[in-house]
file start-v2.cif (mmCIF, C-alpha atoms)
data_start
#
loop_
_atom_site.group_PDB
_atom_site.id
_atom_site.type_symbol
_atom_site.label_atom_id
_atom_site.label_comp_id
_atom_site.auth_asym_id
_atom_site.auth_seq_id
_atom_site.Cartn_x
_atom_site.Cartn_y
_atom_site.Cartn_z
ATOM 1 C CA SER A 1 7.321 -28.196 -49.439
ATOM 2 C CA SER A 2 5.355 -26.555 -46.667
ATOM 3 C CA PHE A 3 5.915 -26.524 -42.923
ATOM 4 C CA THR A 4 3.181 -26.515 -40.284
ATOM 5 C CA ARG A 5 3.900 -25.901 -36.610
ATOM 6 C CA ARG A 6 1.292 -26.983 -34.072
ATOM 7 C CA ALA A 7 0.980 -26.227 -30.386
ATOM 8 C CA SER A 8 1.388 -29.430 -28.393
ATOM 9 C CA ASN A 9 3.546 -30.966 -25.706
ATOM 10 C CA LEU A 10 5.590 -32.692 -28.415
ATOM 11 C CA ALA A 11 7.484 -30.250 -30.637
ATOM 12 C CA HIS A 12 7.147 -31.291 -34.251
ATOM 13 C CA VAL A 13 6.982 -30.085 -37.838
ATOM 14 C CA VAL A 14 4.638 -31.391 -40.542
ATOM 15 C CA ILE A 15 6.332 -31.519 -43.947
ATOM 16 C CA LYS A 16 4.433 -32.118 -47.176
ATOM 17 C CA ALA A 17 4.693 -31.201 -50.837
ATOM 18 C CA GLU A 18 2.961 -28.001 -51.918
ATOM 19 C CA GLY A 19 -0.613 -28.674 -52.986
ATOM 20 C CA ALA A 20 -0.471 -32.320 -51.961
ATOM 21 C CA THR A 21 -3.168 -34.175 -50.032
ATOM 22 C CA PRO A 22 -1.255 -36.998 -48.338
ATOM 23 C CA THR A 23 -3.048 -40.229 -47.472
ATOM 24 C CA LYS A 24 -0.181 -41.666 -45.437
ATOM 25 C CA SER A 25 2.280 -40.272 -42.912
ATOM 26 C CA VAL A 26 5.855 -41.076 -41.950
ATOM 27 C CA VAL A 27 6.984 -40.237 -38.420
ATOM 28 C CA VAL A 28 10.677 -39.335 -38.158
ATOM 29 C CA LEU A 29 12.203 -39.048 -34.681
ATOM 30 C CA HIS A 30 15.525 -37.350 -33.959
ATOM 31 C CA GLY A 31 18.136 -38.627 -31.544
ATOM 32 C CA ILE A 32 19.240 -37.474 -28.124
ATOM 33 C CA LEU A 33 20.311 -33.802 -28.081
ATOM 34 C CA GLY A 34 18.887 -33.430 -31.577
ATOM 35 C CA ASN A 35 15.998 -31.238 -32.639
ATOM 36 C CA LYS A 36 13.104 -31.358 -35.050
ATOM 37 C CA GLY A 37 15.172 -29.673 -37.748
ATOM 38 C CA ASN A 38 17.815 -32.419 -37.936
ATOM 39 C CA TRP A 39 15.922 -34.513 -40.484
ATOM 40 C CA ALA A 40 14.093 -31.619 -42.163
ATOM 41 C CA THR A 41 16.249 -31.496 -45.303
ATOM 42 C CA PHE A 42 16.044 -35.254 -45.818
ATOM 43 C CA SER A 43 12.288 -35.355 -45.156
ATOM 44 C CA ARG A 44 11.542 -32.333 -47.329
ATOM 45 C CA ARG A 45 13.346 -33.880 -50.264
ATOM 46 C CA TYR A 46 11.447 -37.135 -49.762
ATOM 47 C CA THR A 47 8.097 -35.378 -50.255
ATOM 48 C CA SER A 48 9.152 -34.893 -53.872
ATOM 49 C CA ARG A 49 10.020 -38.361 -55.120
ATOM 50 C CA SER A 50 11.995 -36.924 -58.015
ATOM 51 C CA ASN A 51 14.481 -35.421 -55.574
ATOM 52 C CA VAL A 52 16.900 -37.899 -54.070
ATOM 53 C CA PRO A 53 18.307 -36.484 -50.809
ATOM 54 C CA SER A 54 21.845 -35.179 -50.945
ATOM 55 C CA SER A 55 24.372 -34.661 -48.190
ATOM 56 C CA GLU A 56 24.343 -30.865 -48.299
ATOM 57 C CA HIS A 57 24.275 -29.077 -44.949
ATOM 58 C CA ALA A 58 25.527 -32.291 -43.382
ATOM 59 C CA ALA A 59 28.910 -31.237 -42.075
ATOM 60 C CA PRO A 60 27.896 -30.028 -38.588
ATOM 61 C CA PHE A 61 26.456 -33.429 -37.695
ATOM 62 C CA LEU A 62 29.727 -35.199 -38.350
ATOM 63 C CA HIS A 63 31.375 -33.630 -35.344
ATOM 64 C CA LEU A 64 29.306 -34.991 -32.460
ATOM 65 C CA THR A 65 31.163 -38.242 -31.936
ATOM 66 C CA LEU A 66 31.364 -38.205 -28.146
ATOM 67 C CA CYS A 67 29.300 -40.741 -26.212
ATOM 68 C CA PRO A 68 26.374 -39.240 -24.257
ATOM 69 C CA GLN A 69 27.667 -40.608 -20.952
ATOM 70 C CA HIS A 70 30.828 -38.560 -21.532
ATOM 71 C CA PHE A 71 29.458 -35.258 -22.782
ATOM 72 C CA LEU A 72 26.213 -34.947 -20.782
ATOM 73 C CA PRO A 73 27.949 -34.276 -17.424
ATOM 74 C CA LYS A 74 30.139 -31.659 -19.110
ATOM 75 C CA LEU A 75 27.136 -29.922 -20.660
ATOM 76 C CA MET A 76 25.380 -29.852 -17.287
ATOM 77 C CA GLU A 77 28.403 -28.047 -15.820
ATOM 78 C CA VAL A 78 27.981 -25.091 -18.193
ATOM 79 C CA PRO A 79 26.401 -22.171 -16.267
ATOM 80 C CA MET A 80 23.199 -20.886 -17.838
ATOM 81 C CA PRO A 81 22.276 -18.425 -19.162
ATOM 82 C CA ILE A 82 25.411 -17.867 -21.216
ATOM 83 C CA ALA A 83 26.138 -14.515 -22.830
ATOM 84 C CA THR A 84 26.993 -15.563 -26.378
ATOM 85 C CA LYS A 85 27.320 -18.618 -28.584
ATOM 86 C CA LYS A 86 31.006 -17.797 -28.919
ATOM 87 C CA GLU A 87 31.340 -18.074 -25.143
ATOM 88 C CA LEU A 88 29.688 -21.503 -25.209
ATOM 89 C CA VAL A 89 32.160 -22.683 -27.849
ATOM 90 C CA ALA A 90 35.101 -21.504 -25.740
ATOM 91 C CA THR A 91 33.649 -23.088 -22.589
ATOM 92 C CA LEU A 92 33.110 -26.456 -24.256
ATOM 93 C CA GLU A 93 36.550 -26.428 -25.864
ATOM 94 C CA ALA A 94 38.004 -25.946 -22.385
ATOM 95 C CA LYS A 95 36.066 -29.055 -21.314
ATOM 96 C CA GLY A 96 37.570 -31.200 -24.063
ATOM 97 C CA PHE A 97 35.126 -30.738 -26.945
ATOM 98 C CA ASP A 98 36.736 -30.154 -30.333
ATOM 99 C CA ILE A 99 35.793 -27.015 -32.240
ATOM 100 C CA GLY A 100 33.257 -28.808 -34.470
ATOM 101 C CA GLN A 101 31.469 -30.437 -31.547
ATOM 102 C CA ALA A 102 31.369 -27.158 -29.628
ATOM 103 C CA GLN A 103 29.999 -25.238 -32.599
ATOM 104 C CA TRP A 104 27.355 -27.903 -33.222
ATOM 105 C CA MET A 105 26.151 -27.589 -29.634
ATOM 106 C CA THR A 106 25.298 -23.914 -30.249
ATOM 107 C CA THR A 107 22.376 -25.193 -32.356
ATOM 108 C CA ASN A 108 20.855 -26.381 -29.080
ATOM 109 C CA LEU A 109 20.676 -22.857 -27.624
ATOM 110 C CA LYS A 110 17.688 -20.530 -27.556
ATOM 111 C CA PRO A 111 17.596 -16.802 -26.677
ATOM 112 C CA LEU A 112 16.534 -15.775 -23.180
ATOM 113 C CA GLY A 113 16.814 -12.161 -22.130
ATOM 114 C CA ASP A 114 20.288 -10.896 -22.936
ATOM 115 C CA GLY A 115 21.788 -14.363 -23.287
ATOM 116 C CA PHE A 116 21.114 -17.959 -24.247
ATOM 117 C CA VAL A 117 19.954 -21.145 -22.499
ATOM 118 C CA TRP A 118 19.661 -24.766 -23.565
ATOM 119 C CA LYS A 119 16.601 -25.669 -25.622
ATOM 120 C CA MET A 120 16.401 -29.011 -23.842
ATOM 121 C CA ASP A 121 16.144 -29.986 -20.194
ATOM 122 C CA LEU A 122 19.510 -31.672 -19.636
ATOM 123 C CA PRO A 123 18.528 -33.544 -16.433
ATOM 124 C CA VAL A 124 15.582 -35.030 -18.347
ATOM 125 C CA VAL A 125 17.881 -35.924 -21.249
ATOM 126 C CA ALA A 126 20.162 -37.718 -18.784
ATOM 127 C CA LEU A 127 17.205 -39.709 -17.440
ATOM 128 C CA LEU A 128 16.072 -40.590 -20.953
ATOM 129 C CA PHE A 129 19.548 -41.788 -21.857
ATOM 130 C CA LYS A 130 19.698 -43.907 -18.702
ATOM 131 C CA ALA A 131 16.334 -45.429 -19.642
ATOM 132 C CA PHE A 132 17.615 -46.062 -23.165
ATOM 133 C CA LEU A 133 20.598 -48.016 -21.832
ATOM 134 C CA ALA A 134 18.268 -50.101 -19.662
ATOM 135 C CA THR A 135 15.821 -50.908 -22.484
ATOM 136 C CA ASP A 136 16.057 -54.303 -24.163
ATOM 137 C CA CYS A 137 14.359 -54.235 -27.580
ATOM 138 C CA TRP A 138 15.119 -57.832 -28.513
ATOM 139 C CA PRO A 139 11.771 -59.109 -27.145
ATOM 140 C CA ILE A 140 9.978 -56.741 -29.542
ATOM 141 C CA LEU A 141 12.029 -58.001 -32.470
ATOM 142 C CA GLU A 142 11.580 -61.630 -31.466
ATOM 143 C CA HIS A 143 7.830 -61.210 -31.009
ATOM 144 C CA PRO A 144 6.680 -58.372 -33.282
ATOM 145 C CA PRO A 145 3.061 -57.218 -32.964
ATOM 146 C CA PRO A 146 0.566 -58.966 -35.273
ATOM 147 C CA ASN A 147 0.513 -57.799 -38.899
ATOM 148 C CA THR A 148 3.701 -55.812 -38.360
ATOM 149 C CA HIS A 149 6.994 -55.775 -40.214
ATOM 150 C CA ILE A 150 10.042 -54.189 -38.586
ATOM 151 C CA HIS A 151 12.845 -52.796 -40.749
ATOM 152 C CA VAL A 152 16.224 -52.043 -39.174
ATOM 153 C CA VAL A 153 19.050 -50.180 -40.905
ATOM 154 C CA ARG A 154 22.558 -51.460 -40.239
ATOM 155 C CA ALA A 155 25.183 -48.751 -40.751
ATOM 156 C CA GLU A 156 28.154 -50.512 -42.346
ATOM 157 C CA LEU A 157 30.821 -48.499 -40.513
ATOM 158 C CA ASN A 158 29.209 -48.511 -37.070
ATOM 159 C CA LYS A 159 31.318 -50.563 -34.657
ATOM 160 C CA PHE A 160 28.320 -51.621 -32.560
ATOM 161 C CA TRP A 161 27.188 -53.988 -35.311
ATOM 162 C CA THR A 162 29.185 -56.994 -34.142
ATOM 163 C CA ARG A 163 29.061 -60.449 -35.728
ATOM 164 C CA ASP A 164 27.039 -61.733 -32.788
ATOM 165 C CA VAL A 165 24.424 -59.010 -33.226
ATOM 166 C CA ILE A 166 24.172 -59.652 -36.969
ATOM 167 C CA ARG A 167 23.835 -63.408 -36.411
ATOM 168 C CA ARG A 168 21.093 -62.790 -33.868
ATOM 169 C CA PHE A 169 19.208 -60.701 -36.419
ATOM 170 C CA ASP A 170 19.473 -63.561 -38.894
ATOM 171 C CA THR A 171 17.974 -65.896 -36.298
ATOM 172 C CA VAL A 172 15.177 -63.450 -35.498
ATOM 173 C CA ALA A 173 14.346 -63.075 -39.192
ATOM 174 C CA THR A 174 13.907 -66.843 -39.489
ATOM 175 C CA GLN A 175 11.927 -67.177 -36.253
ATOM 176 C CA THR A 176 9.508 -64.404 -37.250
ATOM 177 C CA HIS A 177 9.045 -65.727 -40.795
ATOM 178 C CA HIS A 178 10.930 -62.729 -42.146
ATOM 179 C CA ARG A 179 8.800 -60.078 -40.495
ATOM 180 C CA VAL A 180 12.017 -58.490 -39.194
ATOM 181 C CA HIS A 181 14.275 -57.110 -41.925
ATOM 182 C CA LEU A 182 17.888 -55.956 -41.629
ATOM 183 C CA HIS A 183 19.114 -53.571 -44.343
ATOM 184 C CA LEU A 184 22.812 -52.812 -44.879
ATOM 185 C CA LEU A 185 23.524 -49.125 -45.506
ATOM 186 C CA GLU A 186 26.977 -48.899 -47.037
ATOM 187 C CA LYS A 187 29.506 -46.159 -46.230
ATOM 188 C CA ALA A 188 27.474 -44.998 -43.233
ATOM 189 C CA ASP A 189 28.165 -44.635 -39.532
ATOM 190 C CA HIS A 190 25.922 -43.112 -36.851
ATOM 191 C CA TRP A 191 24.535 -40.244 -38.974
ATOM 192 C CA VAL A 192 22.840 -42.437 -41.594
ATOM 193 C CA HIS A 193 20.917 -39.564 -43.219
ATOM 194 C CA VAL A 194 24.163 -37.611 -43.547
ATOM 195 C CA ASP A 195 26.679 -40.315 -44.471
ATOM 196 C CA ASN A 196 24.597 -41.971 -47.206
ATOM 197 C CA PRO A 197 21.275 -40.163 -47.738
ATOM 198 C CA GLN A 198 20.785 -41.639 -51.208
ATOM 199 C CA GLY A 199 21.172 -45.179 -49.902
ATOM 200 C CA LEU A 200 18.857 -44.532 -46.967
ATOM 201 C CA PHE A 201 16.290 -42.997 -49.316
ATOM 202 C CA ALA A 202 16.393 -46.128 -51.492
ATOM 203 C CA ILE A 203 15.875 -48.427 -48.488
ATOM 204 C CA MET A 204 12.935 -46.411 -47.201
ATOM 205 C CA GLN A 205 11.353 -45.967 -50.610
ATOM 206 C CA ARG A 206 10.761 -49.711 -50.947
ATOM 207 C CA SER A 207 8.400 -49.588 -47.960
ATOM 208 C CA PHE A 208 6.356 -46.626 -49.159
ATOM 209 C CA LYS A 209 5.056 -47.923 -52.478
#
call {"tool": "encode", "arguments": {"input": "start-v2.cif", "output": "structure tokens"}}
result
Amino acid sequence: SSFTRRASNLAHVVIKAEGATPTKSVVVLHGILGNKGNWATFSRRYTSRSNVPSSEHAAPFLHLTLCPQHFLPKLMEVPMPIATKKELVATLEAKGFDIGQAQWMTTNLKPLGDGFVWKMDLPVVALLFKAFLATDCWPILEHPPPNTHIHVVRAELNKFWTRDVIRRFDTVATQTHHRVHLHLLEKADHWVHVDNPQGLFAIMQRSFK
């Protein structure tokens, strides 16, 4: 696979198989506090259809289980720049992060002078998260744009998938003449591409034929 970095306001990486001339594109967006490398392994393996993604290099992602409303204020309290990544780990542990969470957060640092600063603008992240909580996507699902199908992955182990939510999806599927699709991803929680990459690959592959 090859990587192409372009100068733009939106940081991104283009991934394609060596020598390939793609006719279609898939846009993969990372989550809050993530970065454009989070899905790189999964996406790179997808460019070669003979390679089913595996869960290698997945361990660091398993640690960030805190809710954003809990950890964002603590991250904003960390004085920047910070001298070393080791110092960040110690600082976050003192604020209640476990060792895995604290170590994972060092992936969000970038060098500046003799120390490190956050790659992201935390006040902006806080605003984005607030906007996320205030956004109701049900109207989009209930009235999808013309000639559009919407596929949603339900992580089997994620506690936010309540019976009421699942029933509502069933209703939406009927109302939209099955233009909204709900796919069950077994043995997966929040990190779907980490918990069950093979299953996620299989779900996505059906749409890319």
call {"tool": "axis_aligned_box", "arguments": {"input": "start-v2.cif", "around": "stretch 72-83 of chain A", "padding_each_side": "3 Å", "output": "AutoDock Vina command-line options"}}
result
--center_x 26.2 --center_y -24.7 --center_z -19.3 --size_x 13.9 --size_y 26.4 --size_z 13.0
call {"tool": "resolve_selection", "arguments": {"input": "start-v2.cif", "expression": "the PyMOL selection byres ((chain A and resi 149-161) around 7)", "output": "mmCIF file with C-alpha atoms, in the frame of the given file"}}
result
data_model
loop_
_atom_site.group_PDB
_atom_site.id
_atom_site.type_symbol
_atom_site.label_atom_id
_atom_site.label_comp_id
_atom_site.auth_asym_id
_atom_site.auth_seq_id
_atom_site.Cartn_x
_atom_site.Cartn_y
_atom_site.Cartn_z
ATOM 1 C CA ASN A 147 0.513 -57.799 -38.899
ATOM 2 C CA THR A 148 3.701 -55.812 -38.360
ATOM 3 C CA THR A 162 29.185 -56.994 -34.142
ATOM 4 C CA ARG A 163 29.061 -60.449 -35.728
ATOM 5 C CA VAL A 165 24.424 -59.010 -33.226
ATOM 6 C CA ILE A 166 24.172 -59.652 -36.969
ATOM 7 C CA ARG A 179 8.800 -60.078 -40.495
ATOM 8 C CA VAL A 180 12.017 -58.490 -39.194
ATOM 9 C CA HIS A 181 14.275 -57.110 -41.925
ATOM 10 C CA LEU A 182 17.888 -55.956 -41.629
ATOM 11 C CA HIS A 183 19.114 -53.571 -44.343
ATOM 12 C CA LEU A 184 22.812 -52.812 -44.879
ATOM 13 C CA LEU A 185 23.524 -49.125 -45.506
ATOM 14 C CA GLU A 186 26.977 -48.899 -47.037
ATOM 15 C CA LYS A 187 29.506 -46.159 -46.230
ATOM 16 C CA ALA A 188 27.474 -44.998 -43.233
ATOM 17 C CA ASP A 189 28.165 -44.635 -39.532
ATOM 18 C CA HIS A 190 25.922 -43.112 -36.851
ATOM 19 C CA VAL A 192 22.840 -42.437 -41.594
#
call {"tool": "residues_around", "arguments": {"input": "start-v2.cif", "residues": "A:Pro81", "least_positions_apart": "2", "cutoff": "7 Å", "atoms": "only C-alpha atoms", "output": "list of chain:residue names"}}
result
A:Pro79, A:Ala83, A:Gly115, A:Phe116, A:Val117
call {"tool": "resolve_selection", "arguments": {"input": "start-v2.cif", "expression": "the PyMOL selection byres ((chain A and resi 78) around 10)", "output": "list of chain:residue names"}}
result
A:Pro73, A:Lys74, A:Leu75, A:Met76, A:Glu77, A:Pro79, A:Met80, A:Pro81, A:Ile82, A:Leu88, A:Thr91, A:Leu92, A:Lys95, A:Val117, A:Trp118
call {"tool": "residues_around", "arguments": {"input": "start-v2.cif", "residues": "A:Val27", "least_positions_apart": "2", "cutoff": "10 Å", "atoms": "all atoms listed in the file", "output": "number ranges by chain"}}
result
A: 12, 14, 25, 29, 43
call {"tool": "closest_residue", "arguments": {"input": "start-v2.cif", "among": "A:Lys16, A:Thr23, A:Arg167, A:Pro123", "to": "A:Tyr46", "atoms": "all atoms listed in the file"}}
result
A:Lys16
call {"tool": "residues_around", "arguments": {"input": "start-v2.cif", "residues": "stretch 129-134 of chain A", "least_positions_apart": "6", "cutoff": "10 Å", "atoms": "all atoms listed in the file", "output": "ChimeraX atom specification"}}
result
/A:32,68-69,72,123
call {"tool": "write_last_selection", "arguments": {"input": "start-v2.cif", "atoms": "C-alpha atoms", "output": "tab-separated table (two decimals), in the frame of the given file"}}
result
chain	number	residue	atom	x	y	z
A	32	ILE	CA	19.24	-37.47	-28.12
A	68	PRO	CA	26.37	-39.24	-24.26
A	69	GLN	CA	27.67	-40.61	-20.95
A	72	LEU	CA	26.21	-34.95	-20.78
A	123	PRO	CA	18.53	-33.54	-16.43
call {"tool": "resolve_selection", "arguments": {"input": "start-v2.cif", "expression": "the PyMOL selection byres ((chain A and resi 38) around 12)", "output": "compact mmCIF listing (two decimals) with C-alpha atoms, in the coordinates of the input"}}
result
# COMPACT_ATOMS: atom_id res chain seq x y z
CA HIS A 12 7.15 -31.29 -34.25
CA VAL A 13 6.98 -30.08 -37.84
CA VAL A 28 10.68 -39.34 -38.16
CA LEU A 29 12.20 -39.05 -34.68
CA HIS A 30 15.52 -37.35 -33.96
CA GLY A 31 18.14 -38.63 -31.54
CA ILE A 32 19.24 -37.47 -28.12
CA LEU A 33 20.31 -33.80 -28.08
CA GLY A 34 18.89 -33.43 -31.58
CA ASN A 35 16.00 -31.24 -32.64
CA LYS A 36 13.10 -31.36 -35.05
CA GLY A 37 15.17 -29.67 -37.75
CA TRP A 39 15.92 -34.51 -40.48
CA ALA A 40 14.09 -31.62 -42.16
CA THR A 41 16.25 -31.50 -45.30
CA PHE A 42 16.04 -35.25 -45.82
CA SER A 43 12.29 -35.35 -45.16
CA ARG A 44 11.54 -32.33 -47.33
CA HIS A 57 24.28 -29.08 -44.95
CA ALA A 58 25.53 -32.29 -43.38
CA ALA A 59 28.91 -31.24 -42.08
CA PRO A 60 27.90 -30.03 -38.59
CA PHE A 61 26.46 -33.43 -37.70
CA TRP A 104 27.36 -27.90 -33.22
CA THR A 107 22.38 -25.19 -32.36
CA ASN A 108 20.86 -26.38 -29.08
CA TRP A 191 24.54 -40.24 -38.97
CA VAL A 192 22.84 -42.44 -41.59
CA HIS A 193 20.92 -39.56 -43.22
CA VAL A 194 24.16 -37.61 -43.55
call {"tool": "atom_distance", "arguments": {"input": "start-v2.cif", "atom1": "atom CA of A:His70", "atom2": "atom CA of A:Lys86"}}
result
22.0 Å
call {"tool": "decode", "arguments": {"input": "start-v2.cif", "residues": "stretch 84-96 of chain A", "atoms": "N, CA and C atoms", "output": "JSON list (two decimals), in the first residue's frame"}}
result
[["chain", "number", "residue", "atom", "x", "y", "z"],
["A", 84, "THR", "N", 8.36, 15.52, 28.94],
["A", 84, "THR", "CA", 8.52, 14.18, 28.36],
["A", 84, "THR", "C", 7.18, 13.45, 28.35],
["A", 85, "LYS", "N", 7.11, 12.41, 27.54],
["A", 85, "LYS", "CA", 5.92, 11.57, 27.53],
["A", 85, "LYS", "C", 5.76, 10.84, 28.86],
["A", 86, "LYS", "N", 6.89, 10.49, 29.46],
["A", 86, "LYS", "CA", 6.85, 9.83, 30.77],
["A", 86, "LYS", "C", 6.21, 10.74, 31.81],
["A", 87, "GLU", "N", 6.50, 12.04, 31.72],
["A", 87, "GLU", "CA", 5.89, 12.99, 32.65],
["A", 87, "GLU", "C", 4.39, 13.08, 32.44],
["A", 88, "LEU", "N", 3.95, 13.03, 31.18],
["A", 88, "LEU", "CA", 2.51, 13.05, 30.91],
["A", 88, "LEU", "C", 1.83, 11.84, 31.54],
["A", 89, "VAL", "N", 2.44, 10.67, 31.37],
["A", 89, "VAL", "CA", 1.87, 9.45, 31.95],
["A", 89, "VAL", "C", 1.71, 9.59, 33.46],
["A", 90, "ALA", "N", 2.75, 10.09, 34.12],
["A", 90, "ALA", "CA", 2.69, 10.26, 35.58],
["A", 90, "ALA", "C", 1.63, 11.28, 35.97],
["A", 91, "THR", "N", 1.52, 12.36, 35.21],
["A", 91, "THR", "CA", 0.54, 13.41, 35.50],
["A", 91, "THR", "C", -0.88, 12.87, 35.37],
["A", 92, "LEU", "N", -1.14, 12.11, 34.31],
["A", 92, "LEU", "CA", -2.48, 11.58, 34.09],
["A", 92, "LEU", "C", -2.83, 10.49, 35.10],
["A", 93, "GLU", "N", -1.85, 9.69, 35.48],
["A", 93, "GLU", "CA", -2.11, 8.69, 36.52],
["A", 93, "GLU", "C", -2.52, 9.36, 37.82],
["A", 94, "ALA", "N", -1.90, 10.49, 38.12],
["A", 94, "ALA", "CA", -2.24, 11.23, 39.34],
["A", 94, "ALA", "C", -3.66, 11.80, 39.26],
["A", 95, "LYS", "N", -4.18, 11.95, 38.03],
["A", 95, "LYS", "CA", -5.53, 12.48, 37.84],
["A", 95, "LYS", "C", -6.57, 11.37, 37.70],
["A", 96, "GLY", "N", -6.15, 10.12, 37.90],
["A", 96, "GLY", "CA", -7.11, 9.03, 37.89],
["A", 96, "GLY", "C", -7.11, 8.14, 36.67]]
